[in-house]
Number of protein chains: 4
Amino acid sequence: MSFNTFGRVLRFTTWGESHGPAIGAVVDGCPPGLDLSEANIQPWLDKRRPGASKYTTQRRESDRVRILSGVFEGRTTGTPISLLIENEDHRSKDYSEVAKAYRPGHADYTYDAKYGFRDWRGGGRSSARETAARVAAAAIARIVIPDVTISAYVVELGGDPIDREAFDPGAMDANSLNCPDAAAARRWERMLDGARKEGSSLGAVIECVADGVPSGWGAPVYAKLDSELAAAMMSINAAKGVEIGDGFAAARLRGEENSDAMRAGPVFLSNHAGGILGGISTGQPVVVRVAFKPTSSILTPMETVDSDGNETEIVTKGRHDPCVGIRAVPVVEAMMALVLADQKLLHRAQCG
Amino acid sequence: MSFNTFGRVLRFTTWGESHGPAIGAVVDGCPPGLDLSEANIQPWLDKRRPGASKYTTQRRESDRVRILSGVFEGRTTGTPISLLIENEDHRSKDYSEVAKAYRPGHADYTYDAKYGFRDWRGGGRSSARETAARVAAAAIARIVIPDVTISAYVVELGGDPIDREAFDPGAMDANSLNCPDAAAARRWERMLDGARKEGSSLGAVIECVADGVPSGWGAPVYAKLDSELAAAMMSINAAKGVEIGDGFAAARLRGEENSDAMRAGPVFLSNHAGGILGGISTGQPVVVRVAFKPTSSILTPMETVDSDGNETEIVTKGRHDPCVGIRAVPVVEAMMALVLADQKLLHRAQCG
Amino acid sequence: MSFNTFGRVLRFTTWGESHGPAIGAVVDGCPPGLDLSEANIQPWLDKRRPGASKYTTQRRESDRVRILSGVFEGRTTGTPISLLIENEDHRSKDYSEVAKAYRPGHADYTYDAKYGFRDWRGGGRSSARETAARVAAAAIARIVIPDVTISAYVVELGGDPIDREAFDPGAMDANSLNCPDAAAARRWERMLDGARKEGSSLGAVIECVADGVPSGWGAPVYAKLDSELAAAMMSINAAKGVEIGDGFAAARLRGEENSDAMRAGPVFLSNHAGGILGGISTGQPVVVRVAFKPTSSILTPMETVDSDGNETEIVTKGRHDPCVGIRAVPVVEAMMALVLADQKLLHRAQCG
Amino acid sequence: MSFNTFGRVLRFTTWGESHGPAIGAVVDGCPPGLDLSEANIQPWLDKRRPGASKYTTQRRESDRVRILSGVFEGRTTGTPISLLIENEDHRSKDYSEVAKAYRPGHADYTYDAKYGFRDWRGGGRSSARETAARVAAAAIARIVIPDVTISAYVVELGGDPIDREAFDPGAMDANSLNCPDAAAARRWERMLDGARKEGSSLGAVIECVADGVPSGWGAPVYAKLDSELAAAMMSINAAKGVEIGDGFAAARLRGEENSDAMRAGPVFLSNHAGGILGGISTGQPVVVRVAFKPTSSILTPMETVDSDGNETEIVTKGRHDPCVGIRAVPVVEAMMALVLADQKLLHRAQCG
């Protein structure tokens, strides 16, 4: 079943395919009276925009967003906000081979299996282009949670992690890889150059931290804050793993190491929990990490079958990122913002 | 906001606290005409039941389930199925100290922060006792997907992984740890004995495999099968990480290693994807792994504060598992069943 | 598809059949810290209870409600509140003839058509007994909206309307028909006696007024307050029509008659709108009327078919009300309370 | 809370204001492989389009719909279908007076009360212009239920009902009032001319019949087919009442008159139930009637207050229908189609 809406009270619906005329989002449930214009949204889209460096897809999109509803005289009215981004550079011919053969690692086969056929132009709905609509929607979510600061960055690329001791937020501006460790950034650039030359690709792990989340957001059971974040992050293209706080590493700690002690304030003496206990925020930074598989579109020939069942080989031409994880950084931030804004309103609903 | 319902068309709602009179679940949207009696549910509860070995909590519950509605003459009617399990062994006095001080790693502080006060008896709603209701609900979900076989087991305990070469499903019956590697089971038993003696606890990683899922279940974007599974698994107590297929390890592979090649059939030559591409099942086994933190209730004294803000130390007495991950095995299976049954019906809704 | 949950943030799920062991409701999303015990719920159930007069079904149920979760030391905790009411007087033998033949005006045929078979004991899930669970759930909703006063009463019975000039709230206590016009009550008693003797039944129209609803609850489009109320009321057994304010009569007014003029305050000079404009409350009393068809279970023989398709006649024995509308009064109040409490929380979510 | 999405598995979200740049709808959950192009949608919009006769608003809109996503090579792909209609003729200056004073019978006051301010241009989101998006969405729903034929028409205008004996579907094409009784149409034209000259307006009752609905669609309790239809119809601008089958008249019948007898087939000997019993379709025509209040925008001066609380008078200039009910006919059909298509998929989900 197609479900293109996310959120419980602050909800957004995205639509659009990679090579259709446009993509967009409808944001519903936004509080009224918030200052909003295209100028609040465009910078986030620019940050995500492809073509910004040689390490990301060379597709050229200006990604100009238009607000079509829900804003009057510069303020949100409380009614649905429709956002539209036109697709400009959609060269469908690049994908002609894909129309028949299934690209390994892509959704080609599964879409055909589910729906009986598919829009093969650039991956259709399975394209990461959909994430531009999320980033636009999230710009509105950020306005709903002005006291929350969200920052995502790459902490591992191709299996090579950053040095936590060398963590420098400022370093991210100095490289095009969203890497907070200058030395790692230099290594990664070489790795990416190598991967591209070899027609290969690399995976990455993104970390996202939300500061300023008060204690009390979230819920006890099936809408645990960590559960909502896991759903949100795992809905991003190429995501294969999500962890909160210490995550999988917590499974290797002992109880007394993992539990965050408290002192008067209250303050926590550590944050192994990633800012969430029992599904509810503790007031510490909310920390999530997301694993992205290597780009499936590669120049290395892969064995596959076509839609008639014949065996063949495929080389994915077109314009692709050697590491989709890098471009996922603003999308991870977007999903964090969208989940937290929804949770803020939900908390207010129940607890006043 | 409290959200105690999970699922989209096959939905279940759980209720109940650790030390209230009972817990239960209401399963709604179940197809009519399926054979169902308590005998279909009880074995799964027995499998989950505490007190089965010295490595799990010594709380004694017979966990007898009663079906109160939705079944007539041994068959589901299509109306909601209410399941009730009485709490028998609830010694609230064990938790008297908890009433004031916040147990590190527990939801005590966050529940107070959200709701202003909390039911401190045994963790109240945050207790893993809630998972019995899920296991009962999942027994019904399993009947909805009779062609799917679900198996979960511990693949790592206290940082010590199983040997994949020694994987033997039969070994699980020979130990009380849900461990498919006989040698690892012996090591883990010693580790658990040690941890208990030291008043400590250990974490674990659970793997769950669903065989027999046809291609085509799932959805493209915000209800991706992996996203639904991530939400489901992360809603389990003590879960801190979820991964699909190779998960975080996929982020360390190259594109040509990670993408599963196809041959006529179609068959896939590998399953790095864990049976899901683009959010939709491929027809291969669906593979999920979940990381569980070490039990937060330990005998090692921890620094904390009480609800008046005073600094104190706490030792969690009561009856606790040295490794909650072990008992999470049937719960992980339950959530897998509940997600897949819902997806089966959703697929049928849209695609006939 | 079976959907037994109602509400958006304050949600309740009901379960149970007429002749099963019990019925119940789970109320989720309730604000924490509200005083609640069985004593808050029981009076509403007593008001609804069958067997109170000769004009309602002679089924004897004590309808004792038990709270199984979500309340600690007399206050709501914010977690789901499970309510259980045991069925005591379920003489299934009364319904043996119904097992085969379809009772005209009942859900017998449609349940079989949908599900392939049905629980024929007392109508199963289609029985008005389900409404006891709503009344119990609504007792909690009322606590969420302490400033709102809800009153429902019969304004027409068997086509005979009350005299609005003789409207006297006190009159309702003096008759067992929830009738605010003493003279009408006397006429109706004779009509009901006559209908019963003839093996017939009568319909009724119920009016419900909610005072104290502030302006601003509701929503512009698909969750208009009137739309939510219409869905809520039309979900009650035997309801066939719903109107807000002047309703169908408004269609016979001219624009200048129907539009409620305003004066400083602001105050409205009339309330043709029934307290709702554009889906949002005006601050005036919210007024809803619901039409109930005559009881379908009658002693007059009716032509029908059985489940094998054979033509037959049926006389519905068992214990039935000559006018189900009378007993719908507390149920209409309940649905009004449940909708308004949900809307209060939704308004708080979006608008703070 | 703003909720601009309707439906459970076949869902649509509308957005847009009367005087913004555009309005639109996103239809999600549509089955794949259905033939769809703008040519399937445009005729329904043309039927609804304003300016078609002197009895409807003189606003001139070409209402050209564009499909922006979800369709590939002329067929639905199963992904969300985005529909866009540009607003062309939006003369905001007509509404300048409305910016301050509250129009009686309109949502002006309640929007201000809820949101603190409002988009006053043409009613903003409360404008009936939103219904164009529903009509467009419904064109897709109709394709999902090809065996269902839906017909709506005016059965009463200004308190003057049609003569059921003179019912002639063909008559509807011969008048611009969607009236199936030629003589009534002539009377109504005179009434409308009179009302317009007097600066007044009239109400109407619309009846909608869906033929070809099989038995078994719907649900037992809170998603009863009649409940869903009531919510759908009451969400239409100016709707104040909804009834199913005999509706309010059923409350005046006796049990033996109202219950539809059955004979072998099975066939029903009457259809007082309006095709729904126990919330589930019987296989007979589904019959709904909706009451629309008279247009609130009238030239007769009305007492009101402005947003500063000062008393004033208002005459609503602008371009308005003397009877909004006439133009509601295609909208009522649209909501019927949208509800039924959703129910078809829901039934398939649960019952296969």
# chains A, B, ... in the order shown; residues from 1 in each chain; ligands from 1

call {"tool": "interface_residues", "arguments": {"of": "chain A", "to": "chain D", "cutoff": "10 Å", "atoms": "only C-alpha atoms", "output": "tab-separated table (two decimals) with N, CA, C and O atoms, in the first residue's frame"}}
result
chain	number	residue	atom	x	y	z
A	1	MET	N	0.85	-1.18	0.00
A	1	MET	CA	0.00	0.00	0.00
A	1	MET	C	0.88	1.22	0.00
A	1	MET	O	1.83	1.32	0.78
A	2	SER	N	0.55	2.13	-0.82
A	2	SER	CA	1.30	3.37	-0.91
A	2	SER	C	0.92	4.28	0.27
A	2	SER	O	-0.25	4.55	0.49
A	3	PHE	N	1.91	4.68	1.03
A	3	PHE	CA	1.66	5.62	2.14
A	3	PHE	C	2.68	6.74	2.04
A	3	PHE	O	3.84	6.54	2.37
A	4	ASN	N	2.25	7.86	1.58
A	4	ASN	CA	3.16	8.96	1.33
A	4	ASN	C	2.96	10.11	2.30
A	4	ASN	O	3.34	11.23	2.01
A	5	THR	N	2.34	9.80	3.43
A	5	THR	CA	2.14	10.79	4.48
A	5	THR	C	2.90	10.32	5.71
A	5	THR	O	2.89	9.14	6.04
A	9	VAL	N	0.21	14.60	14.05
A	9	VAL	CA	-0.60	15.82	14.00
A	9	VAL	C	0.03	16.85	13.07
A	9	VAL	O	-0.66	17.50	12.30
A	10	LEU	N	1.34	16.99	13.11
A	10	LEU	CA	2.02	17.76	12.06
A	10	LEU	C	2.39	16.75	10.99
A	10	LEU	O	3.32	15.96	11.15
A	11	ARG	N	1.61	16.72	9.93
A	11	ARG	CA	1.76	15.68	8.91
A	11	ARG	C	2.24	16.28	7.59
A	11	ARG	O	1.88	17.41	7.27
A	12	PHE	N	3.03	15.52	6.86
A	12	PHE	CA	3.38	15.98	5.52
A	12	PHE	C	3.22	14.83	4.55
A	12	PHE	O	3.44	13.68	4.88
A	13	THR	N	2.81	15.19	3.35
A	13	THR	CA	2.60	14.23	2.27
A	13	THR	C	3.51	14.66	1.12
A	13	THR	O	3.47	15.82	0.72
A	14	THR	N	4.32	13.75	0.62
A	14	THR	CA	5.13	14.12	-0.54
A	14	THR	C	4.62	13.38	-1.77
A	14	THR	O	3.99	12.34	-1.67
A	15	TRP	N	4.93	13.93	-2.93
A	15	TRP	CA	4.50	13.33	-4.19
A	15	TRP	C	5.55	13.68	-5.25
A	15	TRP	O	6.33	14.60	-5.08
A	16	GLY	N	5.55	12.91	-6.31
A	16	GLY	CA	6.42	13.26	-7.43
A	16	GLY	C	7.47	12.22	-7.74
A	16	GLY	O	7.94	11.51	-6.85
A	17	GLU	N	7.82	12.16	-9.01
A	17	GLU	CA	8.83	11.22	-9.49
A	17	GLU	C	10.06	11.97	-9.99
A	17	GLU	O	9.99	13.16	-10.31
A	18	SER	N	11.13	11.25	-10.08
A	18	SER	CA	12.39	11.82	-10.53
A	18	SER	C	12.26	12.58	-11.84
A	18	SER	O	12.83	13.65	-12.01
A	19	HIS	N	11.51	12.03	-12.78
A	19	HIS	CA	11.47	12.62	-14.11
A	19	HIS	C	10.08	13.08	-14.53
A	19	HIS	O	9.79	13.19	-15.72
A	20	GLY	N	9.21	13.32	-13.56
A	20	GLY	CA	7.92	13.94	-13.87
A	20	GLY	C	8.10	15.45	-13.96
A	20	GLY	O	9.21	15.96	-13.82
A	21	PRO	N	7.02	16.18	-14.13
A	21	PRO	CA	7.14	17.63	-14.26
A	21	PRO	C	7.55	18.33	-12.97
A	21	PRO	O	8.16	19.40	-13.02
A	22	ALA	N	7.24	17.75	-11.81
A	22	ALA	CA	7.53	18.44	-10.56
A	22	ALA	C	7.46	17.45	-9.41
A	22	ALA	O	7.00	16.31	-9.56
A	23	ILE	N	7.94	17.87	-8.27
A	23	ILE	CA	7.74	17.14	-7.02
A	23	ILE	C	7.19	18.14	-6.01
A	23	ILE	O	7.22	19.35	-6.25
A	24	GLY	N	6.71	17.63	-4.87
A	24	GLY	CA	6.18	18.56	-3.90
A	24	GLY	C	5.81	17.91	-2.60
A	24	GLY	O	5.96	16.70	-2.41
A	25	ALA	N	5.35	18.76	-1.69
A	25	ALA	CA	4.92	18.30	-0.37
A	25	ALA	C	3.74	19.14	0.08
A	25	ALA	O	3.64	20.32	-0.28
A	26	VAL	N	2.86	18.53	0.84
A	26	VAL	CA	1.78	19.26	1.50
A	26	VAL	C	1.98	19.06	3.00
A	26	VAL	O	2.03	17.93	3.48
A	27	VAL	N	2.16	20.17	3.72
A	27	VAL	CA	2.37	20.12	5.17
A	27	VAL	C	1.07	20.53	5.85
A	27	VAL	O	0.57	21.63	5.62
A	28	ASP	N	0.53	19.64	6.65
A	28	ASP	CA	-0.77	19.90	7.29
A	28	ASP	C	-0.62	19.91	8.81
A	28	ASP	O	0.21	19.19	9.36
A	29	GLY	N	-1.42	20.73	9.47
A	29	GLY	CA	-1.39	20.76	10.92
A	29	GLY	C	-0.40	21.75	11.50
A	29	GLY	O	-0.18	21.77	12.71
A	30	CYS	N	0.19	22.57	10.66
A	30	CYS	CA	1.19	23.54	11.14
A	30	CYS	C	0.49	24.60	12.01
A	30	CYS	O	-0.57	25.10	11.66
A	31	PRO	N	1.08	24.95	13.12
A	31	PRO	CA	0.51	26.03	13.93
A	31	PRO	C	0.38	27.31	13.13
A	31	PRO	O	1.17	27.56	12.21
A	32	PRO	N	-0.61	28.12	13.46
A	32	PRO	CA	-0.82	29.38	12.73
A	32	PRO	C	0.11	30.48	13.25
A	32	PRO	O	0.62	30.40	14.36
A	33	GLY	N	0.29	31.49	12.40
A	33	GLY	CA	0.96	32.70	12.85
A	33	GLY	C	2.47	32.65	12.81
A	33	GLY	O	3.13	33.58	13.29
A	67	ILE	N	5.61	28.32	-2.58
A	67	ILE	CA	4.55	28.06	-1.61
A	67	ILE	C	3.23	28.39	-2.31
A	67	ILE	O	3.02	29.52	-2.73
A	68	LEU	N	2.36	27.39	-2.42
A	68	LEU	CA	1.11	27.59	-3.16
A	68	LEU	C	-0.10	27.81	-2.26
A	68	LEU	O	-1.18	28.15	-2.75
A	69	SER	N	0.04	27.57	-0.97
A	69	SER	CA	-1.12	27.71	-0.08
A	69	SER	C	-0.67	27.77	1.37
A	69	SER	O	0.49	27.48	1.68
A	70	GLY	N	-1.59	28.15	2.24
A	70	GLY	CA	-1.35	28.04	3.67
A	70	GLY	C	-0.59	29.19	4.29
A	70	GLY	O	-0.33	29.17	5.50
A	71	VAL	N	-0.21	30.17	3.49
A	71	VAL	CA	0.52	31.32	4.01
A	71	VAL	C	-0.19	32.58	3.53
A	71	VAL	O	-0.58	32.67	2.36
A	72	PHE	N	-0.39	33.51	4.41
A	72	PHE	CA	-1.07	34.76	4.07
A	72	PHE	C	-0.31	35.90	4.71
A	72	PHE	O	-0.08	35.89	5.92
A	73	GLU	N	0.04	36.86	3.91
A	73	GLU	CA	0.78	38.03	4.40
A	73	GLU	C	1.98	37.60	5.24
A	73	GLU	O	2.26	38.16	6.31
A	75	ARG	N	2.60	34.85	6.92
A	75	ARG	CA	2.45	34.02	8.11
A	75	ARG	C	1.65	32.77	7.78
A	75	ARG	O	0.71	32.82	6.97
A	76	THR	N	1.95	31.68	8.46
A	76	THR	CA	1.17	30.45	8.28
A	76	THR	C	-0.24	30.69	8.82
A	76	THR	O	-0.42	31.33	9.86
A	77	THR	N	-1.22	30.15	8.11
A	77	THR	CA	-2.62	30.37	8.51
A	77	THR	C	-3.18	29.21	9.31
A	77	THR	O	-4.30	29.29	9.81
A	78	GLY	N	-2.46	28.10	9.39
A	78	GLY	CA	-2.98	26.90	10.05
A	78	GLY	C	-3.59	25.92	9.07
A	78	GLY	O	-3.98	24.82	9.46
A	79	THR	N	-3.69	26.30	7.81
A	79	THR	CA	-4.23	25.42	6.77
A	79	THR	C	-3.06	24.80	5.99
A	79	THR	O	-1.92	25.21	6.15
A	80	PRO	N	-3.34	23.80	5.14
A	80	PRO	CA	-2.22	23.07	4.55
A	80	PRO	C	-1.34	23.93	3.65
A	80	PRO	O	-1.83	24.75	2.88
A	81	ILE	N	-0.05	23.69	3.77
A	81	ILE	CA	0.96	24.44	3.03
A	81	ILE	C	1.44	23.56	1.89
A	81	ILE	O	2.03	22.50	2.13
A	82	SER	N	1.16	23.98	0.68
A	82	SER	CA	1.56	23.19	-0.49
A	82	SER	C	2.85	23.76	-1.05
A	82	SER	O	2.96	24.94	-1.33
A	86	GLU	N	9.78	22.40	-9.29
A	86	GLU	CA	9.73	21.85	-10.66
A	86	GLU	C	11.00	21.05	-10.96
A	86	GLU	O	12.09	21.39	-10.51
A	111	TYR	N	9.31	-2.97	-7.51
A	111	TYR	CA	8.17	-2.17	-8.00
A	111	TYR	C	7.40	-2.98	-9.04
A	111	TYR	O	6.16	-2.99	-9.02
A	112	ASP	N	8.11	-3.61	-9.95
A	112	ASP	CA	7.42	-4.45	-10.93
A	112	ASP	C	6.66	-5.57	-10.25
A	112	ASP	O	5.53	-5.90	-10.63
A	114	LYS	N	5.40	-5.62	-7.30
A	114	LYS	CA	4.24	-5.13	-6.56
A	114	LYS	C	3.16	-4.61	-7.49
A	114	LYS	O	1.99	-4.96	-7.36
A	115	TYR	N	3.57	-3.76	-8.42
A	115	TYR	CA	2.58	-2.98	-9.18
A	115	TYR	C	2.33	-3.52	-10.59
A	115	TYR	O	1.44	-3.04	-11.28
A	116	GLY	N	3.17	-4.45	-11.04
A	116	GLY	CA	2.98	-5.00	-12.38
A	116	GLY	C	3.73	-4.24	-13.45
A	116	GLY	O	3.97	-4.77	-14.54
A	117	PHE	N	4.12	-3.03	-13.17
A	117	PHE	CA	4.97	-2.24	-14.06
A	117	PHE	C	5.51	-1.09	-13.23
A	117	PHE	O	5.19	-0.99	-12.05
A	118	ARG	N	6.33	-0.24	-13.86
A	118	ARG	CA	6.88	0.87	-13.08
A	118	ARG	C	7.26	2.04	-13.99
A	118	ARG	O	7.47	1.86	-15.19
A	119	ASP	N	7.35	3.19	-13.37
A	119	ASP	CA	7.90	4.37	-14.04
A	119	ASP	C	9.41	4.25	-13.91
A	119	ASP	O	9.98	4.47	-12.85
A	120	TRP	N	10.07	3.85	-15.02
A	120	TRP	CA	11.51	3.54	-14.94
A	120	TRP	C	12.40	4.76	-15.11
A	120	TRP	O	13.62	4.66	-15.02
A	121	ARG	N	11.79	5.91	-15.37
A	121	ARG	CA	12.62	7.11	-15.62
A	121	ARG	C	13.31	7.59	-14.35
A	121	ARG	O	12.69	8.19	-13.50
A	124	GLY	N	11.87	6.72	-10.93
A	124	GLY	CA	10.49	7.12	-10.61
A	124	GLY	C	10.35	7.56	-9.18
A	124	GLY	O	11.10	8.43	-8.70
A	125	ARG	N	9.42	6.97	-8.48
A	125	ARG	CA	9.14	7.37	-7.11
A	125	ARG	C	10.24	6.90	-6.15
A	125	ARG	O	10.35	7.41	-5.05
A	126	SER	N	11.04	5.92	-6.58
A	126	SER	CA	12.07	5.41	-5.68
A	126	SER	C	13.33	6.26	-5.71
A	126	SER	O	14.28	6.00	-4.98

call {"tool": "select_by_dssp", "arguments": {"residues": "segment 147-228 of chain B", "states": "strand (DSSP E)", "output": "ChimeraX atom specification"}}
result
/B:149-157,160-161,204-211

call {"tool": "atom_distance", "arguments": {"atom1": "atom CA of Val155 of chain B", "atom2": "atom CA of Gly216 of chain B"}}
result
28.4 Å

call {"tool": "residues_around", "arguments": {"residues": "segment 188-190 of chain D", "least_positions_apart": "5", "cutoff": "9 Å", "atoms": "only C-alpha atoms", "output": "JSON, numbers by chain"}}
result
{"D": [55, 157, 158, 160, 177, 183, 195]}

call {"tool": "decode", "arguments": {"residues": "segment 270-285 of chain C", "atoms": "N, CA, C and O atoms", "output": "JSON list (two decimals), in the first residue's frame"}}
result
[["chain", "number", "residue", "atom", "x", "y", "z"],
["C", 270, "SER", "N", -28.80, 34.67, 17.37],
["C", 270, "SER", "CA", -29.55, 33.43, 17.18],
["C", 270, "SER", "C", -28.52, 32.31, 17.02],
["C", 270, "SER", "O", -27.32, 32.56, 17.04],
["C", 271, "ASN", "N", -28.99, 31.08, 16.90],
["C", 271, "ASN", "CA", -28.04, 29.96, 16.77],
["C", 271, "ASN", "C", -28.55, 28.93, 15.77],
["C", 271, "ASN", "O", -28.62, 27.75, 16.04],
["C", 272, "HIS", "N", -28.92, 29.44, 14.60],
["C", 272, "HIS", "CA", -29.32, 28.51, 13.53],
["C", 272, "HIS", "C", -28.16, 27.58, 13.16],
["C", 272, "HIS", "O", -28.37, 26.48, 12.71],
["C", 273, "ALA", "N", -26.95, 28.07, 13.35],
["C", 273, "ALA", "CA", -25.76, 27.31, 12.95],
["C", 273, "ALA", "C", -25.47, 26.15, 13.89],
["C", 273, "ALA", "O", -24.63, 25.30, 13.59],
["C", 274, "GLY", "N", -26.14, 26.10, 15.05],
["C", 274, "GLY", "CA", -25.86, 25.02, 15.99],
["C", 274, "GLY", "C", -24.45, 25.09, 16.55],
["C", 274, "GLY", "O", -23.86, 24.08, 16.89],
["C", 275, "GLY", "N", -23.93, 26.31, 16.66],
["C", 275, "GLY", "CA", -22.65, 26.48, 17.34],
["C", 275, "GLY", "C", -21.42, 26.17, 16.51],
["C", 275, "GLY", "O", -20.32, 26.10, 17.05],
["C", 276, "ILE", "N", -21.60, 25.98, 15.20],
["C", 276, "ILE", "CA", -20.45, 25.63, 14.35],
["C", 276, "ILE", "C", -20.52, 26.40, 13.05],
["C", 276, "ILE", "O", -21.54, 26.38, 12.36],
["C", 277, "LEU", "N", -19.44, 27.09, 12.70],
["C", 277, "LEU", "CA", -19.34, 27.77, 11.41],
["C", 277, "LEU", "C", -18.01, 27.39, 10.76],
["C", 277, "LEU", "O", -16.97, 27.48, 11.40],
["C", 278, "GLY", "N", -18.07, 26.95, 9.53],
["C", 278, "GLY", "CA", -16.84, 26.56, 8.84],
["C", 278, "GLY", "C", -16.15, 25.40, 9.52],
["C", 278, "GLY", "O", -14.94, 25.22, 9.38],
["C", 279, "GLY", "N", -16.90, 24.60, 10.28],
["C", 279, "GLY", "CA", -16.32, 23.43, 10.94],
["C", 279, "GLY", "C", -15.73, 23.71, 12.29],
["C", 279, "GLY", "O", -15.22, 22.81, 12.95],
["C", 280, "ILE", "N", -15.81, 24.99, 12.73],
["C", 280, "ILE", "CA", -15.16, 25.41, 13.98],
["C", 280, "ILE", "C", -16.23, 25.99, 14.91],
["C", 280, "ILE", "O", -17.13, 26.70, 14.47],
["C", 281, "SER", "N", -16.08, 25.70, 16.19],
["C", 281, "SER", "CA", -17.09, 26.14, 17.16],
["C", 281, "SER", "C", -17.12, 27.66, 17.29],
["C", 281, "SER", "O", -16.08, 28.31, 17.21],
["C", 282, "THR", "N", -18.32, 28.18, 17.48],
["C", 282, "THR", "CA", -18.51, 29.64, 17.59],
["C", 282, "THR", "C", -18.49, 30.13, 19.03],
["C", 282, "THR", "O", -18.41, 31.32, 19.29],
["C", 283, "GLY", "N", -18.61, 29.20, 19.98],
["C", 283, "GLY", "CA", -18.75, 29.60, 21.38],
["C", 283, "GLY", "C", -20.21, 29.51, 21.84],
["C", 283, "GLY", "O", -20.49, 29.56, 23.04],
["C", 284, "GLN", "N", -21.11, 29.35, 20.88],
["C", 284, "GLN", "CA", -22.53, 29.12, 21.24],
["C", 284, "GLN", "C", -22.71, 27.63, 21.54],
["C", 284, "GLN", "O", -21.85, 26.80, 21.25],
["C", 285, "PRO", "N", -23.87, 27.26, 22.07],
["C", 285, "PRO", "CA", -24.12, 25.83, 22.30],
["C", 285, "PRO", "C", -24.03, 25.04, 21.00],
["C", 285, "PRO", "O", -24.52, 25.48, 19.95]]
